[in-house]
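Enquirer: This structure is in structure tokens; I'll ask about it shortly.
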Amino acid sequence: MTHNVSETEKLAVSDNYRNWKKWGPYLAERQWGTVREDYSKHGHAWDFVDHEKARSNAYRWGEEGIGGFCDSREILCLAPAFWNGKDAILKERLFGLTNNQGNHGEDVKELYFHQVSSPTHSYCKYLYKYPQNAFPYADLVENNRRSREEAEYEILDTDSFNENAYFDCYIEYAKADTDDILMKVTVINRGNNTADIHVLPHLWFRNFWKHNKRFTRPNMKSIDDNCVQSRSIRNGRYYFYHEKGEQLFCENETNNERIYDVPNEVDYVKDGINNHVVDGKPSVNPELNGSKLAIWHKLKLKAGEEKSIKVRLSKNKVDAPWQDFDTIFNERIKECEEFYDGIIKKNIPKEHQSIAKSAFSGLLWTKQFYYYDVFKWLFGGPGEPMPNRSHPRNFSWQHLTNRHVISMPDKWEYPWYAAWDLAFHMASFVEIDPYFAKEQLLLVLQENYMHPNGQIPAYEWNFSDVNPPVHSWAVWTVYEKDKLRTGKPDTPFLEKAFQKLLINFTWWVNQKDVSGTDLFEGGFLGLDNIGVFDRNHMPQGITRMQQADATSWMAMFSLNMLHMSLELAKTNKIYEESSAKFFRHFLNIAWAMHHIGKKDISLWDEKDNFYYDVVEMSDGATDRLKVRSLVGIIPLFAVEIIHMDLFGELKKFKVKAAEIVRTRPDLASLISNIEEANADGNYLFSIMRGFRLEHLLKRLLDEDEFLSEYGIRSLSKYHEKHPFIFKHDGHHQIQYEPGESRSNMFGGNSNWRGPIWMPLNYMIIQSLRKYYTFYGPTYLYEFPTDSGNKLNLQEIANELSKRLIKLFERNTEGKFQYHSDDHNQVFSKEEHFKNQHFFYEFFDGDSGKGLGASHQTGWTALIANLIMEMEDNK
């Protein structure tokens, strides 16, 4: 039965993981090389299960595939595999380099694109480009043995795509109903000659039975030449229909003989289908049953020819599975287009509409079922021996049990959630699926995620690492955007989040303000190599570092909590007490930023007019680390605009706030004037007073410092010719590096010493818009600095947005600016490449070249926000 309801109506269905979101692209793009699957003694996650072992190893915690689908508990998985007849293995998973193999860390070496998805995944489309000649596995490994100063060796640098000798493999899904999934794989020969390709849609069970004795192994069996029935205690029966093709069965069990040189527990193991198709071995079950299935199609395509393979997975029997197949696809495609037409305004330029739709779609494709029970991982499940580990990772996180669909930064390079990434994701998700945005923000605050001490888990490599406290910012952003959209405040969401954020705030105060002086530390705080030395491991003799960014983040956290408590106090006056508490926290932090150590030193340097980190030595001396980086820009984010009407409603808070200002005028004097409203009745709460704001903007908008043609750099270009050197317990130096990192600090796979990062740029722009709300159109600044061209803060925010959007626009060579080093001109001249978007992790501070993870639609999806918000703020 087909339900013809709009995408918006599907989204509104409650308990969505039992309805239209039950199935989705929740399959990881890499499960191998993760901490979850690492059972090595010394914690060598990249080596324990690598790409070579992946086809033979039955995973413990998840599954992977190319453009795959699964249910929200990942019981059944659906994904295609391909074979060009020349590779030594089936193409079941994406290939890439490990952190040790890549000259800039881990790096996927494939061409694939998350083309489109509706929020409920009722329609999804994915493109994978597969070479017709042998995939260059060894070539990619060997030619990446190069220095950090050299460019990475990519698949387009090989000859694999010469003369267009490749297949475009389009993987599409459409839902006839919540438990009726249609899949179509369309293969097009882009080459000049006839070529063979094998297409093998796979259906398999995640191995949930081996480590849980409550469950028996599920089974799939052939019930006729074109239908297979799956049966499991976890999800009952499903029927898998296919047109033609040969049914191949094996078990999703490890090939122990191949990996460990010990006997197998079953006859037909996980790599049985691979070994049968590629090597002709009798490694599939002749009885036509197992827990893993493939339908083997052998195609011969002429140049330019295309053919489609259709399958259908349904909870119920379907008498005529192909009769309405095309109709359902057309209906879902139409609903998807109508949804985005309603979200993205028509007066936005077509090119920008396309960028926003691609960004949102990529964000939706990077959801993943994430399963990790740290206690079981450390000690083994019931009846299992304890794993032998010399230094157990995440030992203090034994409460953490994650089993949920979660938004990932990138499902290949970062197939695990990261706390501050996820917060930024939700600022984009709220535009297309506010239900998911709110659910995710509350998810990581639950007791099986958040540590009992209040810390939010960072990421699986080390849950105890400290990310910037942006969760409160994300909660308030999502709340406000949702209220603006619906006209109704979701007070239960805000109140639930606020209560948990209180615990997290207390953790910061207790753990990261060691001396109790309202000055905060946090180590690298997600900015990896931005410091002159590793801020997680300071040189000997430095007792502590007062971090301008950590302290400013906490000022922002305080303001977020102040605004939330004021909002909640409108319906529950008890929150006025909390409002006064966070107002005082904000004032204390602002004061502390200017009174450090014996010399009463300030984080703000009056000579340079910039914020710097301050280190305290064992002898009590203090010293500023005069590095002009985003660390000194982050104080800009501690800003909120609150209307006088709110204070009028909350008289108790107004009295308490006035009393604090009266008794401690020294506290209030260091921040913006909170006793005077502007003509519109708005009060400005900010660390930055007019003088400091003006001088910070002078550096920020200087093209010889932070302002690039494509956004704000993470480190001032001043340091290109003037590196900062710190001589203490060795020689430490930081210099402007606009591209990939030359340092192996934090794995060397990201760089905060010059490149442009979308999330921090987005926060800069959002902050400028808030300042504009207070200062209005007459408050002008030079843009760029020393140009003589004066703009107000709203106009500056729009100009910065335009520079960032320019990264995704075509340049004079006809290619997107982030492809600026495309020396083969593939992305400017090749018809089937030039319209495909990547969403890179960060961008070169000078050229705009895309760097880092290439499918980081997590926080780089914020480009869609910038496009839509610029239109709203013209």
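Numbering starts fresh at 1 for the residues of each chain in the structure tokens, the chains themselves are lettered A, B, ... in the order given, and ligands are numbered from 1 as they appear.
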Among stretch 307-513 of chain A, which residues does DSSP mark as helix (DSSP H, G or I) when it is run on the backbone? Keep the chain and numbering as in the structure and answer as a ChimeraX atom specification.
Expert: /A:325-343,350-365,374-379,395-397,419-432,434-443,471-486,491-511
Enquirer: Per DSSP on the backbone, filter stretch 265-473 of chain A down to the residues in strand (DSSP E or B) and report them as a PyMOL selection string.
Expert: chain A and resi 289-290+292-301+306-314+367-373+401-407+410+414
Enquirer: Restricted to N, CA, C and O atoms, what would the selected residues look like written as a compact mmCIF listing (two decimals), in the first residue's frame?
Expert:
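That gives us result_31.txt:
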```txt
# COMPACT_ATOMS: atom_id res chain seq x y z
N ASN A 289 20.53 -20.61 1.54
CA ASN A 289 20.11 -19.93 2.77
C ASN A 289 21.36 -19.44 3.51
O ASN A 289 22.47 -19.91 3.28
N GLY A 290 21.15 -18.48 4.39
CA GLY A 290 22.26 -17.90 5.16
C GLY A 290 21.82 -16.59 5.78
O GLY A 290 20.65 -16.20 5.72
N LYS A 292 23.56 -13.76 5.00
CA LYS A 292 24.03 -12.75 4.06
C LYS A 292 23.68 -13.21 2.65
O LYS A 292 23.89 -14.38 2.31
N LEU A 293 23.18 -12.28 1.83
CA LEU A 293 22.66 -12.61 0.51
C LEU A 293 23.13 -11.58 -0.51
O LEU A 293 23.24 -10.38 -0.19
N ALA A 294 23.39 -12.04 -1.72
CA ALA A 294 23.61 -11.13 -2.85
C ALA A 294 22.87 -11.67 -4.07
O ALA A 294 22.72 -12.89 -4.23
N ILE A 295 22.40 -10.77 -4.90
CA ILE A 295 21.79 -11.13 -6.19
C ILE A 295 22.78 -10.72 -7.27
O ILE A 295 23.08 -9.54 -7.44
N TRP A 296 23.30 -11.71 -7.98
CA TRP A 296 24.41 -11.51 -8.92
C TRP A 296 23.86 -11.22 -10.32
O TRP A 296 23.24 -12.07 -10.95
N HIS A 297 24.12 -10.00 -10.79
CA HIS A 297 23.75 -9.58 -12.14
C HIS A 297 25.03 -9.33 -12.94
O HIS A 297 25.92 -8.61 -12.48
N LYS A 298 25.09 -9.88 -14.14
CA LYS A 298 26.25 -9.68 -15.02
C LYS A 298 25.78 -8.85 -16.22
O LYS A 298 24.91 -9.28 -16.98
N LEU A 299 26.36 -7.65 -16.34
CA LEU A 299 25.94 -6.73 -17.39
C LEU A 299 27.07 -6.44 -18.35
O LEU A 299 28.24 -6.38 -17.96
N LYS A 300 26.71 -6.25 -19.61
CA LYS A 300 27.65 -5.78 -20.63
C LYS A 300 27.05 -4.52 -21.22
O LYS A 300 25.96 -4.53 -21.79
N LEU A 301 27.77 -3.41 -21.05
CA LEU A 301 27.23 -2.12 -21.47
C LEU A 301 28.07 -1.51 -22.59
O LEU A 301 29.30 -1.44 -22.50
N GLU A 306 23.06 2.54 -20.45
CA GLU A 306 22.73 2.40 -19.04
C GLU A 306 21.72 1.30 -18.82
O GLU A 306 20.89 1.00 -19.68
N LYS A 307 21.82 0.64 -17.68
CA LYS A 307 20.88 -0.40 -17.30
C LYS A 307 20.58 -0.27 -15.81
O LYS A 307 21.44 0.17 -15.03
N SER A 308 19.38 -0.65 -15.42
CA SER A 308 18.97 -0.54 -14.02
C SER A 308 18.65 -1.91 -13.44
O SER A 308 18.10 -2.78 -14.13
N ILE A 309 19.00 -2.07 -12.18
CA ILE A 309 18.67 -3.26 -11.39
C ILE A 309 17.67 -2.83 -10.31
O ILE A 309 17.91 -1.84 -9.61
N LYS A 310 16.58 -3.57 -10.17
CA LYS A 310 15.56 -3.22 -9.21
C LYS A 310 15.41 -4.32 -8.15
O LYS A 310 15.39 -5.50 -8.49
N VAL A 311 15.30 -3.89 -6.88
CA VAL A 311 14.97 -4.82 -5.80
C VAL A 311 13.95 -4.15 -4.89
O VAL A 311 13.80 -2.92 -4.89
N ARG A 312 13.26 -4.97 -4.12
CA ARG A 312 12.24 -4.43 -3.21
C ARG A 312 12.23 -5.25 -1.93
O ARG A 312 12.16 -6.48 -1.97
N LEU A 313 12.31 -4.56 -0.80
CA LEU A 313 12.31 -5.21 0.51
C LEU A 313 11.04 -4.79 1.24
O LEU A 313 10.84 -3.60 1.53
N SER A 314 10.18 -5.76 1.54
CA SER A 314 8.89 -5.43 2.13
C SER A 314 8.57 -6.33 3.31
O SER A 314 8.89 -7.52 3.31
N LYS A 367 23.81 10.60 8.43
CA LYS A 367 23.31 9.94 9.64
C LYS A 367 23.85 8.51 9.67
O LYS A 367 24.07 7.91 8.63
N GLN A 368 24.01 7.98 10.87
CA GLN A 368 24.56 6.63 11.00
C GLN A 368 24.06 5.96 12.27
O GLN A 368 23.95 6.60 13.33
N PHE A 369 23.73 4.69 12.17
CA PHE A 369 23.45 3.91 13.38
C PHE A 369 24.78 3.70 14.10
O PHE A 369 25.72 3.12 13.57
N TYR A 370 24.83 4.20 15.33
CA TYR A 370 26.07 4.14 16.10
C TYR A 370 25.83 3.31 17.35
O TYR A 370 24.98 3.65 18.19
N TYR A 371 26.58 2.23 17.47
CA TYR A 371 26.41 1.29 18.58
C TYR A 371 27.76 1.11 19.28
O TYR A 371 28.75 0.74 18.65
N TYR A 372 27.77 1.39 20.58
CA TYR A 372 29.00 1.24 21.35
C TYR A 372 28.64 1.18 22.83
O TYR A 372 28.14 2.15 23.40
N ASP A 373 28.86 0.03 23.42
CA ASP A 373 28.66 -0.18 24.86
C ASP A 373 30.04 -0.32 25.48
O ASP A 373 30.69 -1.37 25.36
N THR A 401 26.53 3.87 26.92
CA THR A 401 25.92 2.87 26.05
C THR A 401 25.16 3.61 24.95
O THR A 401 24.11 4.20 25.21
N ASN A 402 25.73 3.62 23.76
CA ASN A 402 25.14 4.33 22.62
C ASN A 402 24.58 3.32 21.63
O ASN A 402 25.30 2.43 21.18
N ARG A 403 23.32 3.48 21.30
CA ARG A 403 22.69 2.60 20.31
C ARG A 403 21.60 3.41 19.64
O ARG A 403 20.43 3.34 20.00
N HIS A 404 22.01 4.23 18.66
CA HIS A 404 21.07 5.20 18.14
C HIS A 404 21.52 5.68 16.75
O HIS A 404 22.70 5.58 16.41
N VAL A 405 20.59 6.22 16.00
CA VAL A 405 20.93 6.91 14.76
C VAL A 405 21.42 8.30 15.15
O VAL A 405 20.71 9.06 15.81
N ILE A 406 22.65 8.63 14.75
CA ILE A 406 23.29 9.89 15.16
C ILE A 406 23.90 10.56 13.93
O ILE A 406 24.38 9.91 13.01
N SER A 407 23.93 11.87 13.95
CA SER A 407 24.55 12.64 12.88
C SER A 407 26.07 12.58 13.02
O SER A 407 26.62 12.91 14.07
N ASP A 410 31.42 12.79 9.17
CA ASP A 410 31.71 12.24 7.85
C ASP A 410 31.72 10.73 8.04
O ASP A 410 32.46 10.22 8.87
N TYR A 414 35.25 10.23 9.60
CA TYR A 414 34.90 10.35 11.02
C TYR A 414 33.58 9.62 11.29
O TYR A 414 32.56 10.27 11.56
```
Enquirer: Neighbours of A:Glu37 within 10 Å (only C-alpha atoms; same-chain residues fewer than 4 positions away dropped), as a list in words?
Expert: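 Contacts, with the query itself left out: Gln31, Trp32, Gly33, Ala45, Trp46, Phe48, Val49, Ala58, Tyr59, Arg60, Trp61, Gly62, Tyr372 and Trp377 of chain A.
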Enquirer: Could those residues be written to a file, using C-alpha atoms, as a PDB file, in the first residue's frame?
Expert:
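The result, stored in out.pdb:
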```
ATOM      1  CA  GLN A  31      33.398   0.375  10.134  1.00  0.00           C
ATOM      2  CA  TRP A  32      36.950  -0.941   9.821  1.00  0.00           C
ATOM      3  CA  GLY A  33      39.713   0.992  11.570  1.00  0.00           C
ATOM      4  CA  ALA A  45      42.661   0.621  15.936  1.00  0.00           C
ATOM      5  CA  TRP A  46      43.751   1.336  12.368  1.00  0.00           C
ATOM      6  CA  PHE A  48      43.380  -4.437  13.998  1.00  0.00           C
ATOM      7  CA  VAL A  49      40.694  -4.559  11.321  1.00  0.00           C
ATOM      8  CA  ALA A  58      32.199 -10.051  10.981  1.00  0.00           C
ATOM      9  CA  TYR A  59      31.940  -6.786  12.887  1.00  0.00           C
ATOM     10  CA  ARG A  60      30.914  -6.563  16.540  1.00  0.00           C
ATOM     11  CA  TRP A  61      29.386  -3.091  16.637  1.00  0.00           C
ATOM     12  CA  GLY A  62      28.136  -2.104  13.198  1.00  0.00           C
ATOM     13  CA  TYR A 372      29.005   1.240  21.353  1.00  0.00           C
ATOM     14  CA  TRP A 377      33.815  -3.407  25.048  1.00  0.00           C
TER      15      TRP A 377
END
```
Enquirer: Can you pull out every residue within 12 Å of A:Met644, counting only C-alpha atoms, but drop anything in the same chain fewer than 3 positions away, and send it as a PyMOL selection string?
Expert: chain A and resi 566+641+647-651+654+674-684
Enquirer: Could you take the residues named above and write them with all heavy atoms, as a compact mmCIF listing (two decimals), in the first residue's frame?
Expert:
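In the end it all went to again10.txt:
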```txt
# COMPACT_ATOMS: atom_id res chain seq x y z
N LEU A 566 15.83 33.16 31.37
CA LEU A 566 14.89 34.27 31.25
C LEU A 566 13.67 33.86 30.44
O LEU A 566 12.53 34.21 30.79
CB LEU A 566 15.57 35.48 30.60
CG LEU A 566 16.61 36.23 31.44
CD1 LEU A 566 17.36 37.24 30.60
CD2 LEU A 566 15.95 36.91 32.64
N ILE A 641 21.45 39.63 22.77
CA ILE A 641 20.57 40.79 22.75
C ILE A 641 19.28 40.40 23.45
O ILE A 641 18.63 39.43 23.08
CB ILE A 641 20.26 41.23 21.30
CG1 ILE A 641 21.55 41.43 20.50
CG2 ILE A 641 19.40 42.49 21.29
CD1 ILE A 641 22.45 42.51 21.02
N PHE A 647 12.64 41.98 30.64
CA PHE A 647 12.97 42.42 31.99
C PHE A 647 11.73 42.97 32.71
O PHE A 647 11.58 42.83 33.92
CB PHE A 647 14.05 43.50 31.96
CG PHE A 647 15.38 42.99 31.50
CD1 PHE A 647 16.17 43.73 30.65
CD2 PHE A 647 15.85 41.76 31.93
CE1 PHE A 647 17.41 43.26 30.24
CE2 PHE A 647 17.08 41.29 31.52
CZ PHE A 647 17.86 42.04 30.67
N GLY A 648 10.86 43.59 31.91
CA GLY A 648 9.63 44.12 32.50
C GLY A 648 8.76 43.04 33.10
O GLY A 648 8.08 43.25 34.12
N GLU A 649 8.80 41.85 32.47
CA GLU A 649 8.01 40.73 32.98
C GLU A 649 8.66 40.08 34.20
O GLU A 649 7.98 39.43 34.99
CB GLU A 649 7.86 39.66 31.88
CG GLU A 649 7.09 40.10 30.66
CD GLU A 649 7.05 39.00 29.60
OE1 GLU A 649 6.80 37.84 29.97
OE2 GLU A 649 7.33 39.30 28.43
N LEU A 650 9.97 40.26 34.32
CA LEU A 650 10.72 39.52 35.34
C LEU A 650 11.34 40.49 36.34
O LEU A 650 12.54 40.78 36.32
CB LEU A 650 11.80 38.67 34.67
CG LEU A 650 11.28 37.73 33.56
CD1 LEU A 650 12.44 37.05 32.86
CD2 LEU A 650 10.33 36.69 34.14
N LYS A 651 10.52 41.02 37.20
CA LYS A 651 10.95 42.09 38.10
C LYS A 651 11.95 41.60 39.14
O LYS A 651 12.85 42.34 39.55
CB LYS A 651 9.73 42.70 38.77
CG LYS A 651 8.84 43.44 37.75
CD LYS A 651 7.60 44.02 38.40
CE LYS A 651 6.74 44.72 37.33
NZ LYS A 651 5.47 45.21 37.88
N LYS A 654 15.28 41.62 37.57
CA LYS A 654 15.73 42.99 37.35
C LYS A 654 16.30 43.59 38.64
O LYS A 654 17.34 44.26 38.62
CB LYS A 654 14.57 43.83 36.84
CG LYS A 654 14.98 45.19 36.31
CD LYS A 654 13.80 45.92 35.67
CE LYS A 654 14.25 47.27 35.12
NZ LYS A 654 13.13 48.00 34.48
N ILE A 674 25.14 47.51 30.10
CA ILE A 674 23.90 46.73 30.19
C ILE A 674 22.79 47.50 30.90
O ILE A 674 21.73 46.96 31.17
CB ILE A 674 24.15 45.40 30.93
CG1 ILE A 674 24.78 45.66 32.29
CG2 ILE A 674 25.02 44.47 30.09
CD1 ILE A 674 24.91 44.43 33.14
N GLU A 675 23.06 48.77 31.19
CA GLU A 675 22.02 49.57 31.83
C GLU A 675 21.31 50.47 30.85
O GLU A 675 20.33 51.12 31.19
CB GLU A 675 22.63 50.40 32.96
CG GLU A 675 23.20 49.55 34.09
CD GLU A 675 23.84 50.38 35.18
OE1 GLU A 675 24.90 50.97 34.89
OE2 GLU A 675 23.28 50.46 36.27
N GLU A 676 21.80 50.52 29.61
CA GLU A 676 21.19 51.38 28.61
C GLU A 676 20.70 50.56 27.44
O GLU A 676 21.46 49.81 26.82
CB GLU A 676 22.21 52.41 28.11
CG GLU A 676 22.57 53.47 29.14
CD GLU A 676 23.50 54.53 28.54
OE1 GLU A 676 23.60 54.60 27.29
OE2 GLU A 676 24.11 55.27 29.32
N ALA A 677 19.42 50.70 27.13
CA ALA A 677 18.84 50.03 25.96
C ALA A 677 18.97 50.95 24.74
O ALA A 677 19.11 52.17 24.86
CB ALA A 677 17.37 49.72 26.21
N ASN A 678 18.94 50.35 23.56
CA ASN A 678 18.96 51.17 22.35
C ASN A 678 17.54 51.68 22.04
O ASN A 678 16.60 51.43 22.80
CB ASN A 678 19.57 50.41 21.18
CG ASN A 678 18.71 49.24 20.69
OD1 ASN A 678 17.59 49.02 21.20
ND2 ASN A 678 19.22 48.49 19.73
N ALA A 679 17.38 52.35 20.92
CA ALA A 679 16.09 52.95 20.57
C ALA A 679 14.99 51.91 20.41
O ALA A 679 13.80 52.22 20.57
CB ALA A 679 16.23 53.77 19.29
N ASP A 680 15.38 50.66 20.09
CA ASP A 680 14.40 49.59 19.92
C ASP A 680 14.09 48.86 21.22
O ASP A 680 13.33 47.88 21.22
CB ASP A 680 14.89 48.58 18.87
CG ASP A 680 15.01 49.21 17.49
OD1 ASP A 680 14.17 50.06 17.15
OD2 ASP A 680 15.96 48.84 16.76
N GLY A 681 14.72 49.29 22.29
CA GLY A 681 14.48 48.64 23.57
C GLY A 681 15.33 47.41 23.82
O GLY A 681 15.02 46.60 24.70
N ASN A 682 16.43 47.26 23.08
CA ASN A 682 17.32 46.10 23.23
C ASN A 682 18.50 46.42 24.13
O ASN A 682 19.10 47.50 24.02
CB ASN A 682 17.85 45.65 21.86
CG ASN A 682 16.78 45.00 21.01
OD1 ASN A 682 16.02 44.17 21.50
ND2 ASN A 682 16.71 45.38 19.74
N TYR A 683 18.82 45.48 25.00
CA TYR A 683 20.04 45.56 25.80
C TYR A 683 21.11 44.69 25.17
O TYR A 683 20.82 43.60 24.67
CB TYR A 683 19.78 45.09 27.23
CG TYR A 683 18.91 46.00 28.05
CD1 TYR A 683 17.55 45.76 28.18
CD2 TYR A 683 19.45 47.11 28.71
CE1 TYR A 683 16.74 46.60 28.95
CE2 TYR A 683 18.66 47.94 29.48
CZ TYR A 683 17.30 47.68 29.60
OH TYR A 683 16.52 48.51 30.35
N LEU A 684 22.36 45.15 25.26
CA LEU A 684 23.49 44.39 24.74
C LEU A 684 24.26 43.78 25.90
O LEU A 684 24.74 44.48 26.79
CB LEU A 684 24.42 45.31 23.93
CG LEU A 684 25.74 44.69 23.44
CD1 LEU A 684 25.47 43.61 22.39
CD2 LEU A 684 26.66 45.76 22.86
```
Enquirer: By how many Å are atom CA of A:Ser669 and atom CA of A:Asp613 apart?
Expert: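 Computed distance, atom CA of A:Ser669 to atom CA of A:Asp613, equals 22.1 Å.
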Enquirer: So which one's closest to A:Gly191, A:Ser629, A:Ser122, A:Thr254, A:Gln132? Using only C-alpha atoms, please.
Expert: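 Looking at the shortest contact to A:Gly191, the residue is A:Gln132.
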Enquirer: When you look at A:Asp341 with a cut-off of 12 Å (counting only C-alpha atoms), what residues show up, excluding the ones that are within fewer than 3 positions of it in the same chain? I need them as number ranges by chain.
Expert: A: 7-8, 118, 334-338, 344-348, 350, 353-354, 356-357, 432
Enquirer: Do you have the atom CA of A:Leu527-atom CA of A:Phe424 distance handy?
Expert: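 Separating atom CA of A:Leu527 from atom CA of A:Phe424 is a distance of 14.7 Å.
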Enquirer: Quick one: everything within 12 Å of A:Ser283, counting only C-alpha atoms, minus sequence neighbours fewer than 2 positions away in the same chain. Send it as JSON, numbers by chain.
Expert: {"A": [248, 249, 250, 251, 255, 266, 267, 268, 269, 270, 271, 272, 273, 274, 275, 276, 277, 278, 279, 280, 281, 285, 286, 287, 288]}
Enquirer: Just N, CA and C atoms for this one: save the residues we selected as a CSV table (one decimal), in the first residue's frame.
Expert:
```
chain,number,residue,atom,x,y,z
A,248,LEU,N,22.9,-15.7,-4.2
A,248,LEU,CA,24.1,-16.2,-3.5
A,248,LEU,C,24.0,-16.0,-2.0
A,249,PHE,N,24.3,-17.1,-1.3
A,249,PHE,CA,24.1,-17.0,0.2
A,249,PHE,C,25.4,-17.4,0.9
A,250,CYS,N,25.6,-16.8,2.0
A,250,CYS,CA,26.7,-17.2,3.0
A,250,CYS,C,26.3,-16.7,4.4
A,251,GLU,N,27.1,-16.8,5.3
A,251,GLU,CA,26.8,-16.3,6.7
A,251,GLU,C,27.7,-15.1,7.0
A,255,ASN,N,35.7,-15.2,8.7
A,255,ASN,CA,36.6,-16.2,8.1
A,255,ASN,C,37.8,-16.3,9.0
A,266,VAL,N,31.6,-22.0,10.8
A,266,VAL,CA,30.5,-22.4,9.9
A,266,VAL,C,31.2,-22.6,8.5
A,267,ASP,N,30.4,-23.2,7.6
A,267,ASP,CA,31.0,-23.6,6.3
A,267,ASP,C,31.1,-22.4,5.4
A,268,TYR,N,30.2,-21.5,5.4
A,268,TYR,CA,30.1,-20.4,4.3
A,268,TYR,C,30.2,-19.1,5.1
A,269,VAL,N,31.4,-18.5,5.1
A,269,VAL,CA,31.7,-17.4,5.9
A,269,VAL,C,31.5,-16.1,5.1
A,270,LYS,N,31.7,-14.9,5.8
A,270,LYS,CA,31.4,-13.6,5.3
A,270,LYS,C,31.9,-13.3,3.9
A,271,ASP,N,33.1,-13.7,3.6
A,271,ASP,CA,33.7,-13.4,2.3
A,271,ASP,C,33.4,-14.5,1.2
A,272,GLY,N,32.4,-15.3,1.5
A,272,GLY,CA,32.1,-16.4,0.6
A,272,GLY,C,31.6,-15.9,-0.7
A,273,ILE,N,30.7,-14.9,-0.7
A,273,ILE,CA,30.2,-14.3,-2.0
A,273,ILE,C,31.3,-13.7,-2.8
A,274,ASN,N,32.2,-12.9,-2.1
A,274,ASN,CA,33.4,-12.4,-2.8
A,274,ASN,C,34.2,-13.5,-3.4
A,275,ASN,N,34.5,-14.5,-2.7
A,275,ASN,CA,35.4,-15.6,-3.2
A,275,ASN,C,34.8,-16.4,-4.3
A,276,HIS,N,33.5,-16.5,-4.3
A,276,HIS,CA,32.8,-17.2,-5.4
A,276,HIS,C,32.7,-16.4,-6.7
A,277,VAL,N,32.4,-15.1,-6.6
A,277,VAL,CA,32.3,-14.3,-7.8
A,277,VAL,C,33.6,-14.0,-8.4
A,278,VAL,N,34.6,-13.6,-7.6
A,278,VAL,CA,35.9,-13.2,-8.1
A,278,VAL,C,36.8,-14.4,-8.4
A,279,ASP,N,36.8,-15.4,-7.6
A,279,ASP,CA,37.7,-16.6,-7.7
A,279,ASP,C,37.1,-17.9,-8.2
A,280,GLY,N,35.7,-17.9,-8.2
A,280,GLY,CA,35.0,-19.1,-8.7
A,280,GLY,C,35.0,-20.2,-7.7
A,281,LYS,N,35.3,-19.9,-6.4
A,281,LYS,CA,35.3,-20.9,-5.3
A,281,LYS,C,33.9,-21.4,-4.9
A,285,ASN,N,26.5,-21.1,-0.2
A,285,ASN,CA,25.7,-22.2,0.3
A,285,ASN,C,24.8,-22.7,-0.9
A,286,PRO,N,25.0,-24.0,-1.3
A,286,PRO,CA,24.1,-24.5,-2.4
A,286,PRO,C,22.7,-24.7,-1.9
A,287,GLU,N,22.5,-24.7,-0.6
A,287,GLU,CA,21.1,-24.9,0.0
A,287,GLU,C,20.3,-23.6,-0.1
A,288,LEU,N,21.0,-22.5,-0.6
A,288,LEU,CA,20.3,-21.2,-0.8
A,288,LEU,C,19.7,-20.7,0.5
```
Enquirer: Nearest residue to A:Gly102 out of A:Asp324, A:Glu871, A:Glu795, A:Glu152, using only C-alpha atoms?
Expert: A:Glu152
Enquirer: Determine the nearest neighbour of A:Val108 from the options A:Ile589, A:Ala79, A:Val141, A:Val466, counting only C-alpha atoms.
Expert: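 The closest residue to A:Val108 is A:Val141.
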Enquirer: Report, in Å to a single decimal, how far apart atom CA of A:His352 and atom CA of A:Leu851 are.
Expert: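 According to the coordinates, atom CA of A:Leu851 and atom CA of A:His352 are separated by 21.4 Å.
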Enquirer: Please provide as a VMD selection string all residues within 6 Å of A:Gly754, with the sequence filter that same-chain residues fewer than 5 positions apart are discarded (counting only C-alpha atoms).
Expert: chain A and resid 713 to 715 736 to 738 845
Enquirer: Nearest residue to A:Asn394 out of A:Gly776, A:Gly711, A:Pro759, A:Gly43, using only C-alpha atoms?
Expert: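 The shortest atom-to-atom distance to A:Asn394 comes from A:Gly43.
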Enquirer: Using only C-alpha atoms, find the one residue out of A:Tyr128, A:Tyr238, A:Tyr123, A:Trp365 that sits nearest to A:Tyr26.
Expert: A:Trp365
Enquirer: From the set A:Ser40, A:Trp757, A:Ser743, A:Asn588, which residue has the shortest atom-to-atom contact distance to A:Leu378, counting only C-alpha atoms?
Expert: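 Checking each of A:Ser40, A:Trp757, A:Ser743, A:Asn588 against A:Leu378, counting only C-alpha atoms, the winner is A:Ser40.
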